[in-house]
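Have a look at work.cif; it's mmCIF, C-alpha atoms:
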data_target
loop_
_atom_site.label_atom_id
_atom_site.label_comp_id
_atom_site.auth_asym_id
_atom_site.auth_seq_id
_atom_site.Cartn_x
_atom_site.Cartn_y
_atom_site.Cartn_z
CA MET C 1 70.02 -90.15 -29.98
CA ILE C 2 71.54 -92.50 -27.45
CA LEU C 3 73.77 -90.54 -25.12
CA PRO C 4 77.30 -91.83 -24.74
CA ALA C 5 78.43 -93.01 -21.34
CA GLU C 6 80.68 -90.45 -19.68
CA LYS C 7 83.56 -92.91 -19.44
CA GLU C 8 83.36 -93.75 -23.15
CA LEU C 9 83.12 -90.08 -24.14
CA ARG C 10 86.20 -89.23 -22.10
CA ALA C 11 88.09 -92.16 -23.65
CA VAL C 12 87.27 -91.00 -27.19
CA LEU C 13 88.25 -87.41 -26.35
CA ALA C 14 91.58 -88.63 -24.97
CA ARG C 15 92.14 -90.76 -28.07
CA PHE C 16 91.33 -87.79 -30.32
CA ALA C 17 93.69 -85.50 -28.37
CA GLN C 18 96.53 -88.01 -28.56
CA ALA C 19 96.00 -88.56 -32.28
CA ARG C 20 95.88 -84.80 -32.91
CA ILE C 21 99.14 -84.23 -31.01
CA GLU C 22 100.94 -87.13 -32.70
CA HIS C 23 99.80 -85.99 -36.14
CA ASP C 24 100.79 -82.38 -35.50
CA VAL C 25 104.24 -83.34 -34.19
CA ARG C 26 105.15 -86.00 -36.76
CA PRO C 27 102.56 -86.58 -39.48
CA THR C 28 102.57 -90.00 -41.08
CA GLY C 29 100.02 -92.19 -42.77
CA ARG C 30 99.36 -93.94 -39.47
CA THR C 31 98.83 -90.70 -37.52
CA SER C 32 96.54 -89.43 -40.27
CA ARG C 33 94.42 -92.60 -40.10
CA ASP C 34 94.35 -92.50 -36.29
CA LEU C 35 93.22 -88.87 -36.35
CA GLU C 36 90.59 -89.55 -39.00
CA ASP C 37 89.28 -92.58 -37.08
CA SER C 38 89.10 -90.80 -33.73
CA THR C 39 87.48 -87.75 -35.35
CA TYR C 40 84.85 -89.95 -36.99
CA THR C 41 84.15 -91.77 -33.72
CA LEU C 42 83.81 -88.50 -31.81
CA CYS C 43 81.44 -87.10 -34.44
CA VAL C 44 79.26 -90.22 -34.42
CA MET C 45 79.23 -90.36 -30.63
CA THR C 46 78.08 -86.74 -30.32
CA GLY C 47 75.85 -86.64 -33.40
CA ALA C 48 77.93 -83.85 -34.96
CA ARG C 49 79.03 -83.28 -38.55
CA THR C 50 82.34 -81.51 -37.87
CA VAL C 51 85.05 -81.97 -35.29
CA GLU C 52 84.42 -78.44 -34.01
CA GLN C 53 80.75 -79.24 -33.42
CA ALA C 54 81.69 -82.58 -31.86
CA LEU C 55 84.08 -80.96 -29.40
CA LEU C 56 81.47 -78.38 -28.41
CA ALA C 57 78.87 -81.11 -27.96
CA ALA C 58 81.29 -83.23 -25.92
CA ASP C 59 82.09 -80.25 -23.67
CA ALA C 60 78.37 -79.62 -23.14
CA LEU C 61 77.75 -83.27 -22.31
CA LEU C 62 80.64 -83.40 -19.86
CA GLU C 63 79.34 -80.23 -18.22
CA GLN C 64 75.92 -81.86 -17.86
CA TYR C 65 77.46 -85.05 -16.47
CA GLY C 66 79.40 -82.97 -13.93
CA ALA C 67 76.27 -81.11 -12.87
CA GLY C 68 74.33 -84.35 -12.59
CA CYS C 69 71.82 -83.20 -15.23
CA VAL C 70 72.22 -86.16 -17.55
CA ARG C 71 70.43 -89.24 -16.37
CA VAL C 72 71.58 -92.35 -18.19
CA SER C 73 69.63 -95.47 -17.48
CA PRO C 74 71.61 -98.69 -17.07
CA LYS C 75 70.10 -99.88 -20.37
CA ASP C 76 71.36 -96.77 -22.24
CA GLU C 77 74.76 -97.01 -20.60
CA THR C 78 75.08 -100.62 -21.72
CA LEU C 79 74.12 -99.68 -25.27
CA ALA C 80 76.54 -96.76 -25.34
CA ALA C 81 79.43 -98.88 -24.14
#
Encoding of this model in structure tokens:
Amino acid sequence: MILPAEKELRAVLARFAQARIEHDVRPTGRTSRDLEDSTYTLCVMTGARTVEQALLAADALLEQYGAGCVRVSPKDETLAA
């Protein structure tokens, strides 16, 4: 699995959070599609099958990025972006 770049992972998490909030506050067809799209993207990016698994995987990746444990080569970072 190609690891996502930290910047891209954070952007998708922010997009998911915003979509979740908007859909919870005022659900519409648009907010439903936005939430579904951001959930799908997050799952694909983390290699997870459910949003719960994706969020756990994203947290683990961010923890590794913060600890400097994940080494992403410039080639992988380009592919992930």
| message | Applying 10 Å and all atoms listed in the file, which residues near region 37-45 of chain C remain after dropping the ones on its own chain fewer than 4 positions away? List them as a PyMOL selection string. | response | chain C and resi 1-5+8-9+11-20+31-33+49-55+57-58+80
| task | Tell me which of C:Asp34, C:Pro27, C:Gly68, C:Arg10 sits closest to Thr46 (chain C), counting all atoms listed in the file. | result |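 When distances to Thr46 (chain C) are compared using all atoms listed in the file, the smallest one comes from C:Arg10.
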| task | Calculate how many Å separate CA of Glu63 (chain C) from CA of Val25 (chain C), rounding to one decimal. | result |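 Those two atoms sit 29.7 Å apart.
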Restore N, CA, C and O atoms in region 18-43 of chain C and list the result as a PDB file, in the frame of the given file.
ATOM      1  N   GLN C  18      95.247 -87.353 -28.311  1.00  0.00           N
ATOM      2  CA  GLN C  18      96.530 -88.010 -28.560  1.00  0.00           C
ATOM      3  C   GLN C  18      96.820 -88.099 -30.051  1.00  0.00           C
ATOM      4  O   GLN C  18      97.942 -87.819 -30.500  1.00  0.00           O
ATOM      5  N   ALA C  19      95.818 -88.462 -30.831  1.00  0.00           N
ATOM      6  CA  ALA C  19      96.000 -88.560 -32.280  1.00  0.00           C
ATOM      7  C   ALA C  19      96.313 -87.193 -32.884  1.00  0.00           C
ATOM      8  O   ALA C  19      97.173 -87.076 -33.768  1.00  0.00           O
ATOM      9  N   ARG C  20      95.649 -86.157 -32.403  1.00  0.00           N
ATOM     10  CA  ARG C  20      95.880 -84.800 -32.910  1.00  0.00           C
ATOM     11  C   ARG C  20      97.320 -84.354 -32.615  1.00  0.00           C
ATOM     12  O   ARG C  20      98.009 -83.822 -33.480  1.00  0.00           O
ATOM     13  N   ILE C  21      97.773 -84.611 -31.400  1.00  0.00           N
ATOM     14  CA  ILE C  21      99.140 -84.230 -31.010  1.00  0.00           C
ATOM     15  C   ILE C  21     100.154 -84.998 -31.844  1.00  0.00           C
ATOM     16  O   ILE C  21     101.085 -84.404 -32.397  1.00  0.00           O
ATOM     17  N   GLU C  22      99.988 -86.313 -31.936  1.00  0.00           N
ATOM     18  CA  GLU C  22     100.940 -87.130 -32.700  1.00  0.00           C
ATOM     19  C   GLU C  22     100.988 -86.696 -34.163  1.00  0.00           C
ATOM     20  O   GLU C  22     102.062 -86.618 -34.758  1.00  0.00           O
ATOM     21  N   HIS C  23      99.831 -86.395 -34.730  1.00  0.00           N
ATOM     22  CA  HIS C  23      99.800 -85.990 -36.140  1.00  0.00           C
ATOM     23  C   HIS C  23     100.416 -84.611 -36.333  1.00  0.00           C
ATOM     24  O   HIS C  23     101.091 -84.370 -37.336  1.00  0.00           O
ATOM     25  N   ASP C  24     100.206 -83.718 -35.388  1.00  0.00           N
ATOM     26  CA  ASP C  24     100.790 -82.380 -35.500  1.00  0.00           C
ATOM     27  C   ASP C  24     102.312 -82.399 -35.344  1.00  0.00           C
ATOM     28  O   ASP C  24     103.019 -81.657 -36.011  1.00  0.00           O
ATOM     29  N   VAL C  25     102.796 -83.273 -34.461  1.00  0.00           N
ATOM     30  CA  VAL C  25     104.240 -83.340 -34.190  1.00  0.00           C
ATOM     31  C   VAL C  25     104.975 -84.058 -35.319  1.00  0.00           C
ATOM     32  O   VAL C  25     106.006 -83.583 -35.799  1.00  0.00           O
ATOM     33  N   ARG C  26     104.468 -85.209 -35.727  1.00  0.00           N
ATOM     34  CA  ARG C  26     105.150 -86.000 -36.760  1.00  0.00           C
ATOM     35  C   ARG C  26     104.111 -86.695 -37.631  1.00  0.00           C
ATOM     36  O   ARG C  26     103.758 -87.852 -37.394  1.00  0.00           O
ATOM     37  N   PRO C  27     103.611 -85.989 -38.644  1.00  0.00           N
ATOM     38  CA  PRO C  27     102.560 -86.580 -39.480  1.00  0.00           C
ATOM     39  C   PRO C  27     103.060 -87.740 -40.333  1.00  0.00           C
ATOM     40  O   PRO C  27     104.091 -87.644 -40.987  1.00  0.00           O
ATOM     41  N   THR C  28     102.315 -88.818 -40.242  1.00  0.00           N
ATOM     42  CA  THR C  28     102.570 -90.000 -41.080  1.00  0.00           C
ATOM     43  C   THR C  28     101.227 -90.535 -41.542  1.00  0.00           C
ATOM     44  O   THR C  28     100.180 -90.047 -41.126  1.00  0.00           O
ATOM     45  N   GLY C  29     101.263 -91.546 -42.349  1.00  0.00           N
ATOM     46  CA  GLY C  29     100.020 -92.190 -42.770  1.00  0.00           C
ATOM     47  C   GLY C  29      99.260 -92.759 -41.591  1.00  0.00           C
ATOM     48  O   GLY C  29      98.036 -92.669 -41.522  1.00  0.00           O
ATOM     49  N   ARG C  30      99.995 -93.341 -40.653  1.00  0.00           N
ATOM     50  CA  ARG C  30      99.360 -93.940 -39.470  1.00  0.00           C
ATOM     51  C   ARG C  30      98.704 -92.869 -38.618  1.00  0.00           C
ATOM     52  O   ARG C  30      97.561 -93.019 -38.183  1.00  0.00           O
ATOM     53  N   THR C  31      99.413 -91.753 -38.362  1.00  0.00           N
ATOM     54  CA  THR C  31      98.830 -90.700 -37.520  1.00  0.00           C
ATOM     55  C   THR C  31      97.625 -90.070 -38.206  1.00  0.00           C
ATOM     56  O   THR C  31      96.664 -89.704 -37.538  1.00  0.00           O
ATOM     57  N   SER C  32      97.675 -89.977 -39.519  1.00  0.00           N
ATOM     58  CA  SER C  32      96.540 -89.430 -40.270  1.00  0.00           C
ATOM     59  C   SER C  32      95.319 -90.337 -40.126  1.00  0.00           C
ATOM     60  O   SER C  32      94.207 -89.861 -39.890  1.00  0.00           O
ATOM     61  N   ARG C  33      95.523 -91.642 -40.252  1.00  0.00           N
ATOM     62  CA  ARG C  33      94.420 -92.600 -40.100  1.00  0.00           C
ATOM     63  C   ARG C  33      93.884 -92.586 -38.672  1.00  0.00           C
ATOM     64  O   ARG C  33      92.663 -92.633 -38.462  1.00  0.00           O
ATOM     65  N   ASP C  34      94.774 -92.545 -37.692  1.00  0.00           N
ATOM     66  CA  ASP C  34      94.350 -92.500 -36.290  1.00  0.00           C
ATOM     67  C   ASP C  34      93.513 -91.247 -36.009  1.00  0.00           C
ATOM     68  O   ASP C  34      92.485 -91.306 -35.329  1.00  0.00           O
ATOM     69  N   LEU C  35      93.951 -90.122 -36.541  1.00  0.00           N
ATOM     70  CA  LEU C  35      93.220 -88.870 -36.350  1.00  0.00           C
ATOM     71  C   LEU C  35      91.866 -88.930 -37.044  1.00  0.00           C
ATOM     72  O   LEU C  35      90.844 -88.537 -36.468  1.00  0.00           O
ATOM     73  N   GLU C  36      91.847 -89.439 -38.257  1.00  0.00           N
ATOM     74  CA  GLU C  36      90.590 -89.550 -39.000  1.00  0.00           C
ATOM     75  C   GLU C  36      89.624 -90.487 -38.275  1.00  0.00           C
ATOM     76  O   GLU C  36      88.427 -90.181 -38.144  1.00  0.00           O
ATOM     77  N   ASP C  37      90.122 -91.610 -37.782  1.00  0.00           N
ATOM     78  CA  ASP C  37      89.280 -92.580 -37.080  1.00  0.00           C
ATOM     79  C   ASP C  37      88.732 -92.003 -35.783  1.00  0.00           C
ATOM     80  O   ASP C  37      87.539 -92.130 -35.490  1.00  0.00           O
ATOM     81  N   SER C  38      89.573 -91.353 -35.008  1.00  0.00           N
ATOM     82  CA  SER C  38      89.100 -90.800 -33.730  1.00  0.00           C
ATOM     83  C   SER C  38      88.155 -89.626 -33.964  1.00  0.00           C
ATOM     84  O   SER C  38      87.198 -89.438 -33.211  1.00  0.00           O
ATOM     85  N   THR C  39      88.381 -88.850 -35.015  1.00  0.00           N
ATOM     86  CA  THR C  39      87.480 -87.750 -35.350  1.00  0.00           C
ATOM     87  C   THR C  39      86.107 -88.298 -35.733  1.00  0.00           C
ATOM     88  O   THR C  39      85.075 -87.809 -35.269  1.00  0.00           O
ATOM     89  N   TYR C  40      86.100 -89.315 -36.570  1.00  0.00           N
ATOM     90  CA  TYR C  40      84.850 -89.950 -36.990  1.00  0.00           C
ATOM     91  C   TYR C  40      84.083 -90.484 -35.779  1.00  0.00           C
ATOM     92  O   TYR C  40      82.880 -90.251 -35.627  1.00  0.00           O
ATOM     93  N   THR C  41      84.784 -91.186 -34.905  1.00  0.00           N
ATOM     94  CA  THR C  41      84.150 -91.770 -33.720  1.00  0.00           C
ATOM     95  C   THR C  41      83.555 -90.681 -32.837  1.00  0.00           C
ATOM     96  O   THR C  41      82.427 -90.808 -32.344  1.00  0.00           O
ATOM     97  N   LEU C  42      84.293 -89.612 -32.632  1.00  0.00           N
ATOM     98  CA  LEU C  42      83.810 -88.500 -31.810  1.00  0.00           C
ATOM     99  C   LEU C  42      82.572 -87.864 -32.440  1.00  0.00           C
ATOM    100  O   LEU C  42      81.606 -87.555 -31.737  1.00  0.00           O
ATOM    101  N   CYS C  43      82.586 -87.684 -33.748  1.00  0.00           N
ATOM    102  CA  CYS C  43      81.440 -87.100 -34.440  1.00  0.00           C
ATOM    103  C   CYS C  43      80.200 -87.997 -34.328  1.00  0.00           C
ATOM    104  O   CYS C  43      79.096 -87.520 -34.053  1.00  0.00           O
TER     105      CYS C  43
END
